[in-house]
Number of protein chains: 2
Amino acid sequence: MSATIKDIAEIAGVSLSTVSRALNDNPKVKQATKDEIKKIAKSLNFEFNAGARSLSSRISGNIALVYDAFIDQFEVSLYINQLFLEIRHNLEDMDMDTILLTGYNQKTKESNIKRLLRKQKVDGFLIVHDSISNEDYKAIKKAEIPIVQLHMVPRKDVSVRFDAFYTDNFAGGRMATRHLIELGCKKILTVLPFEGGNAEYKARLLGYKHELESNGFKYSEKLVLHEECSYSLGYRMLTEYKKLLDGVDGIFFQSDIQAFGFLTAARESGIDIPGKIKVVGYDDVPMCESVIPNLTTVHQPRKELAKLSCNKIVDLINKKNISSTPSCISLTPELVIRDST
Amino acid sequence: MSATIKDIAEIAGVSLSTVSRALNDNPKVKQATKDEIKKIAKSLNFEFNAGARSLSSRISGNIALVYDAFIDQFEVSLYINQLFLEIRHNLEDMDMDTILLTGYNQKTKESNIKRLLRKQKVDGFLIVHDSISNEDYKAIKKAEIPIVQLHMVPRKDVSVRFDAFYTDNFAGGRMATRHLIELGCKKILTVLPFEGGNAEYKARLLGYKHELESNGFKYSEKLVLHEECSYSLGYRMLTEYKKLLDGVDGIFFQSDIQAFGFLTAARESGIDIPGKIKVVGYDDVPMCESVIPNLTTVHQPRKELAKLSCNKIVDLINKKNISSTPSCISLTPELVIRDST
DNA sequence: TTGTATGCGTTATCAC
DNA sequence: GTGATAACGCATACAA
């Protein structure tokens with residue numbers, strides 16, 4: 001069917017080993033032979049057989065993009081899917097295929113990570129998951145497969161070290177809050193998903209608190225609303241939390257989608273946004289620019305996050321530019337000011 | 001590292017081939033030996049080495065989910081990502097991993113299908129793409145790799161035959177329109193993405209036309225609005241197409257997201273929905289139930305689509321229940337009546 | 001019903 | 001620099 005290095009060897013009149021070396025850019029091969037062999041390979045549309053390559057050298061050309069099933073909730077997926085899109089584009093550019101899956105089998109709850117490890121299906125793990133077990137991290141480490149975690153901050157209780165890239169949620173919380181303060185807001189509410197949720201929200205909340213207090217405001221738990229992450233919640237807030245909203249002149253929604261619902265309800269009720277209440281979201285999903293008024297929000301640098309993570313994992317796989325200690329890089333998000341503030 | 005069949009053979013005191021047969025449920029192996037071997041395999045957490053298996057029997061355990069890059073537009077992805085989610089769940093249940101990619105390399109424009117074929121990376125192709133080249137279809141066929149196309153209707157100019165599952169967009173267009181007619185609408189507008197778009201919209205439009213005409217209405221191109229597929233468009237319609245909307249009492253948006261924007265604008269302007277204008281969407285993305293008023297829409301049976309396609313591709317791979325002629329099954333969508341009509 | 005031998009396509013360890 | 005050859009883990013044709 002497909003051409004093999006054997007075919008190339010016969011045409012070029014050299015041995016299998018020479019072809020293999022040439023195609024892998026082994027410096028021991030004379031440039032002339034190399035060129036000749038590569039030319040033939042190209043003319044035959046040659047590609048390495050993935051199975052054979054994997055068997056003999058454990059290179060599969062696949063990266064596992066492992067995520068937390070909670071992301072499959074529609075509202076959360078709005079941002080995450082944009083991030084994943086960037087990741088796949090980057091990996092494709094580097095000739096890697098992406099196997100997308102949740103950390104644990106949805107039905108059996110068994111570890112997909114361990115399964116991939118045992119089958120030797122992937123060259124690296126890109127992790128967007130907050131609660132991978134320490135055992136699984138250790139299994140990856142033991143198999144000497146590179147790990148890069150992104151979006152999520154590594155947990156303290158994980159004994160394995162790996163590179164990580166994420167956005168500074170504390171800074172994000174601060175900049176959203178400071179922006180509202182600078183615009184003169186005196187009573188600022190923040191809305192985030194239910195308690196026990198992701199660590200990222202806790203950090204944003206801390207940022208909110210810190211910024212309030214360093215500006216002479218006093219932080220009150222009464223102005224922290226833990227609610228579902230949905231358009232609907234944002235919409236219903238006006239009626240269901242009428243009392244809570246009394247006097248509020250700024251709201252920091254920790255998710256854009258909640259803000260969208262609120263904007264709609266507010267405008268219907270004739271509440272001037274940003275005149276009476278100023279609204280800031282988080283994530284900067286594409287819809288921010290089509291919603292009316294356009295939503296001011298904290299932009300998560302998904303392009304950079306994806307690029308850094310993908311470059312890193314590929315470097316680790318190719319053992320290039322490896323530093324002795326894993327990096328843990330937090331990118332600063334950016335406040336995008338639009339019409340809702 | 002991981003256990004191999006050799007390890008199992010040694011423990012069980014049988015040969016490699018017996019282990020291989022037992023684990024592959026070969027009927028020639030005595031049940032007792034089979035049980036024993038499987039027990040040992042389980043205790044060792046054995047999994048077949050993907051590379052070795054692929055080399056020796058061309059079974060990779062991977063399915064390529066190939067989609068059209070235009071789907072990466074945020075608005076379109078809302079529905080498609082839900083579909084993909086179902087697909088991945090189904091494949092996971094059948095112990096298959098999903099390689100998600102566009103049909104053609106985003107940068108080089110080279111065929112990802114041909115690349116996967118040459119590398120022998122996948123056991124089957126799940127295609128959600130309207131414009132795969134005939135050449136590529138032929139290449140898949142030649143490699144004897146199963147194809148199942150879903151969501152998109154197979155093109156007439158494709159010479160290769162394969163199984164396909166999609167929703168009956170003509171029926172969908174009809175049911176949306178009929179619903180509006182039955183509710184007494186006299187002037188029904190339909191909104192769809194720009195001309196030259198996907199075939200699915202053309203079918204929905206035909207359904208709209210057919211239903212109008214069979215109910216004594218006359219079809220007018222003036223009531224067909226080709227516009228961008230966005231929330232923003234829906235929102236701006238009220239002002240930008242004020243004249244067009246004059247007297248309109250029913251709108252069939254061929255995409256939910258457009259309808260969302262319109263609902264917001266309408267309510268802000270005090271236009272009673274469904275009192276003055278009744279609105280129907282298409283797709284039934286999760287947000288339909290949180291938007292106010294809840295959107296009446298045409299539900300695409302994504303769960304069934306995913307299940308049928310995944311079962312079919314796996315059957316084809318395992319050469320089970322194969323019929324001589326490929327099936328081409330169109331599922332009927334379902335009108336979900338909510339508060340916007 | 002089970003075992004032996006061979007091959008799948010590639011890389012790696014030796015030689016030369 | 002280049003060429004044999006073994007090895008990677010598994011499936012299977014052929015024997016027994």
# chains A, B, ... in the order shown; residues from 1 in each chain; ligands from 1

call {"tool": "interface_residues", "arguments": {"of": "chain A", "to": "chain B", "cutoff": "7 Å", "atoms": "only C-alpha atoms", "output": "list in words"}}
result
Ser2, Glu47, Phe48, Asn49, Ala50, Gly51, Ala52, Ser54, Leu55, Phe74, Asp97, Thr98, Ile99, Leu100, Arg118, Lys119, Gln120, Lys121, Tyr231, Ser232, Thr264, Arg267, Glu268, Pro286, Ser290 and Val291 of chain A

call {"tool": "write_last_selection", "arguments": {"atoms": "C-alpha atoms", "output": "compact mmCIF listing (two decimals), in the first residue's frame"}}
result
# COMPACT_ATOMS: atom_id res chain seq x y z
CA SER A 2 1.98 2.97 1.30
CA GLU A 47 5.36 8.80 5.61
CA PHE A 48 6.66 6.70 8.45
CA ASN A 49 4.34 3.93 9.49
CA ALA A 50 3.11 5.10 12.85
CA GLY A 51 2.82 1.64 14.38
CA ALA A 52 6.25 0.51 13.34
CA SER A 54 6.09 3.57 17.78
CA LEU A 55 7.07 -0.04 18.29
CA PHE A 74 -22.06 23.93 27.75
CA ASP A 97 -2.12 14.64 16.16
CA THR A 98 -4.37 15.33 19.08
CA ILE A 99 -6.21 12.66 21.01
CA LEU A 100 -8.87 14.47 22.95
CA ARG A 118 -0.07 1.06 28.87
CA LYS A 119 -0.97 1.10 25.22
CA GLN A 120 1.90 3.49 24.57
CA LYS A 121 -0.28 5.62 22.40
CA TYR A 231 -27.01 32.75 31.08
CA SER A 232 -30.21 32.01 32.88
CA THR A 264 -30.24 41.29 28.67
CA ARG A 267 -31.69 46.40 29.44
CA GLU A 268 -35.18 44.96 29.40
CA PRO A 286 -16.13 35.69 21.01
CA SER A 290 -21.70 40.77 19.51
CA VAL A 291 -23.70 41.11 22.67

call {"tool": "interface_residues", "arguments": {"of": "chain C", "to": "chain B", "cutoff": "8 Å", "atoms": "only C-alpha atoms (C1' of nucleotides)", "output": "JSON, numbers by chain"}}
result
{"C": [1, 2, 3, 8, 9]}

call {"tool": "select_by_dssp", "arguments": {"residues": "segment 152-191 of chain B", "states": "strand (DSSP E)", "output": "ChimeraX atom specification"}}
result
/B:163-167,188-191

call {"tool": "atom_distance", "arguments": {"atom1": "atom CA of Arg338 of chain A", "atom2": "atom CA of Thr297 of chain A"}}
result
7.7 Å

call {"tool": "interface_residues", "arguments": {"of": "chain D", "to": "chain B", "cutoff": "12 Å", "atoms": "only C-alpha atoms (C1' of nucleotides)", "output": "JSON, numbers by chain"}}
result
{"D": [8, 9, 10, 11, 12, 13]}

call {"tool": "select_by_dssp", "arguments": {"residues": "segment 175-294 of chain B", "states": "alpha helix (DSSP H)", "output": "tab-separated table (two decimals) with C-alpha atoms, in the first residue's frame"}}
result
chain	number	residue	atom	x	y	z
B	175	MET	CA	-41.80	21.61	10.60
B	176	ALA	CA	-40.54	25.00	11.69
B	177	THR	CA	-42.57	26.70	9.03
B	178	ARG	CA	-45.68	24.60	9.53
B	179	HIS	CA	-45.59	25.32	13.23
B	180	LEU	CA	-45.63	29.05	12.52
B	181	ILE	CA	-48.43	28.64	10.01
B	182	GLU	CA	-50.50	26.61	12.42
B	199	ALA	CA	-26.03	22.40	1.72
B	200	GLU	CA	-27.95	21.89	4.95
B	201	TYR	CA	-29.32	25.42	4.82
B	202	LYS	CA	-30.45	25.01	1.26
B	203	ALA	CA	-32.51	22.01	2.28
B	204	ARG	CA	-34.06	23.87	5.19
B	205	LEU	CA	-34.93	26.69	2.85
B	206	LEU	CA	-36.59	24.27	0.47
B	207	GLY	CA	-38.60	22.91	3.35
B	208	TYR	CA	-39.67	26.40	4.26
B	209	LYS	CA	-40.70	27.08	0.68
B	210	HIS	CA	-42.50	23.78	0.29
B	211	GLU	CA	-44.49	24.18	3.45
B	212	LEU	CA	-45.49	27.72	2.58
B	213	GLU	CA	-46.69	26.74	-0.85
B	231	TYR	CA	-25.99	36.87	17.82
B	232	SER	CA	-25.14	40.34	16.69
B	233	LEU	CA	-26.98	39.97	13.40
B	234	GLY	CA	-30.09	38.80	15.19
B	235	TYR	CA	-29.84	41.77	17.47
B	236	ARG	CA	-29.30	44.34	14.75
B	237	MET	CA	-32.07	43.01	12.55
B	238	LEU	CA	-34.69	45.09	14.24
B	239	THR	CA	-32.97	48.28	13.21
B	240	GLU	CA	-31.15	47.29	10.05
B	242	LYS	CA	-36.89	47.45	9.93
B	243	LYS	CA	-38.63	47.69	6.59
B	244	LEU	CA	-38.24	44.02	5.85
B	245	LEU	CA	-39.77	43.16	9.22
B	256	ASP	CA	-30.32	29.38	17.26
B	257	ILE	CA	-27.68	31.97	17.89
B	258	GLN	CA	-29.26	34.43	15.48
B	259	ALA	CA	-32.57	33.92	17.23
B	260	PHE	CA	-30.99	34.67	20.62
B	261	GLY	CA	-29.85	38.06	19.43
B	262	PHE	CA	-33.24	38.81	17.98
B	263	LEU	CA	-35.08	37.81	21.14
B	264	THR	CA	-33.01	40.22	23.16
B	265	ALA	CA	-33.51	43.11	20.79
B	266	ALA	CA	-37.21	42.43	20.48
B	267	ARG	CA	-37.82	42.38	24.19
B	268	GLU	CA	-35.82	45.53	24.68

call {"tool": "residues_around", "arguments": {"residues": "Glu36 of chain A", "least_positions_apart": "4", "cutoff": "10 Å", "atoms": "only C-alpha atoms (C1' of nucleotides)", "output": "short mmCIF file (atom, residue, chain, number, x, y, z; two decimals) with C-alpha atoms, in the first residue's frame"}}
result
data_model
loop_
_atom_site.label_atom_id
_atom_site.label_comp_id
_atom_site.auth_asym_id
_atom_site.auth_seq_id
_atom_site.Cartn_x
_atom_site.Cartn_y
_atom_site.Cartn_z
CA ALA A 12 18.17 4.72 -4.02
CA VAL A 19 17.36 5.53 4.54
CA ALA A 22 18.71 10.10 6.25
CA GLN A 31 24.47 15.35 2.56
CA ALA A 32 24.30 14.13 -1.02
CA ILE A 40 12.73 9.88 -3.47
CA ALA A 41 10.73 9.83 -0.25
#

call {"tool": "atom_distance", "arguments": {"atom1": "atom CA of Tyr166 of chain B", "atom2": "atom CA of Phe194 of chain B"}}
result
21.6 Å

call {"tool": "atom_distance", "arguments": {"atom1": "atom CA of Pro301 of chain B", "atom2": "atom CA of Thr341 of chain B"}}
result
21.0 Å

call {"tool": "residues_around", "arguments": {"residues": "DA15 of chain C", "least_positions_apart": "6", "cutoff": "12 Å", "atoms": "only C-alpha atoms (C1' of nucleotides)", "output": "list in words"}}
result
DT2, DG3, DA4 and DT5 of chain D

call {"tool": "closest_residue", "arguments": {"among": "A:Glu334, A:Asp272, A:Glu227, A:Asp35", "to": "Gln254 of chain A", "atoms": "only C-alpha atoms"}}
result
A:Glu227

call {"tool": "residues_around", "arguments": {"residues": "Val279 of chain A", "least_positions_apart": "6", "cutoff": "7 Å", "atoms": "only C-alpha atoms (C1' of nucleotides)", "output": "PyMOL selection string"}}
result
chain A and resi 250-252+296+340-341

call {"tool": "residues_around", "arguments": {"residues": "Asn321 of chain B", "least_positions_apart": "5", "cutoff": "9 Å", "atoms": "only C-alpha atoms (C1' of nucleotides)", "output": "list of chain:residue names"}}
result
B:Lys312, B:Asp315, B:Leu316

call {"tool": "write_last_selection", "arguments": {"atoms": "N, CA and C atoms", "output": "JSON list (two decimals), in the first residue's frame"}}
result
[["chain", "number", "residue", "atom", "x", "y", "z"],
["B", 312, "LYS", "N", -21.93, 2.16, 13.72],
["B", 312, "LYS", "CA", -21.69, 1.73, 12.34],
["B", 312, "LYS", "C", -20.20, 1.63, 12.04],
["B", 315, "ASP", "N", -18.77, -1.36, 13.73],
["B", 315, "ASP", "CA", -19.20, -2.58, 13.03],
["B", 315, "ASP", "C", -18.39, -2.80, 11.76],
["B", 316, "LEU", "N", -18.22, -1.75, 11.03],
["B", 316, "LEU", "CA", -17.47, -1.86, 9.77],
["B", 316, "LEU", "C", -16.03, -2.29, 10.05]]
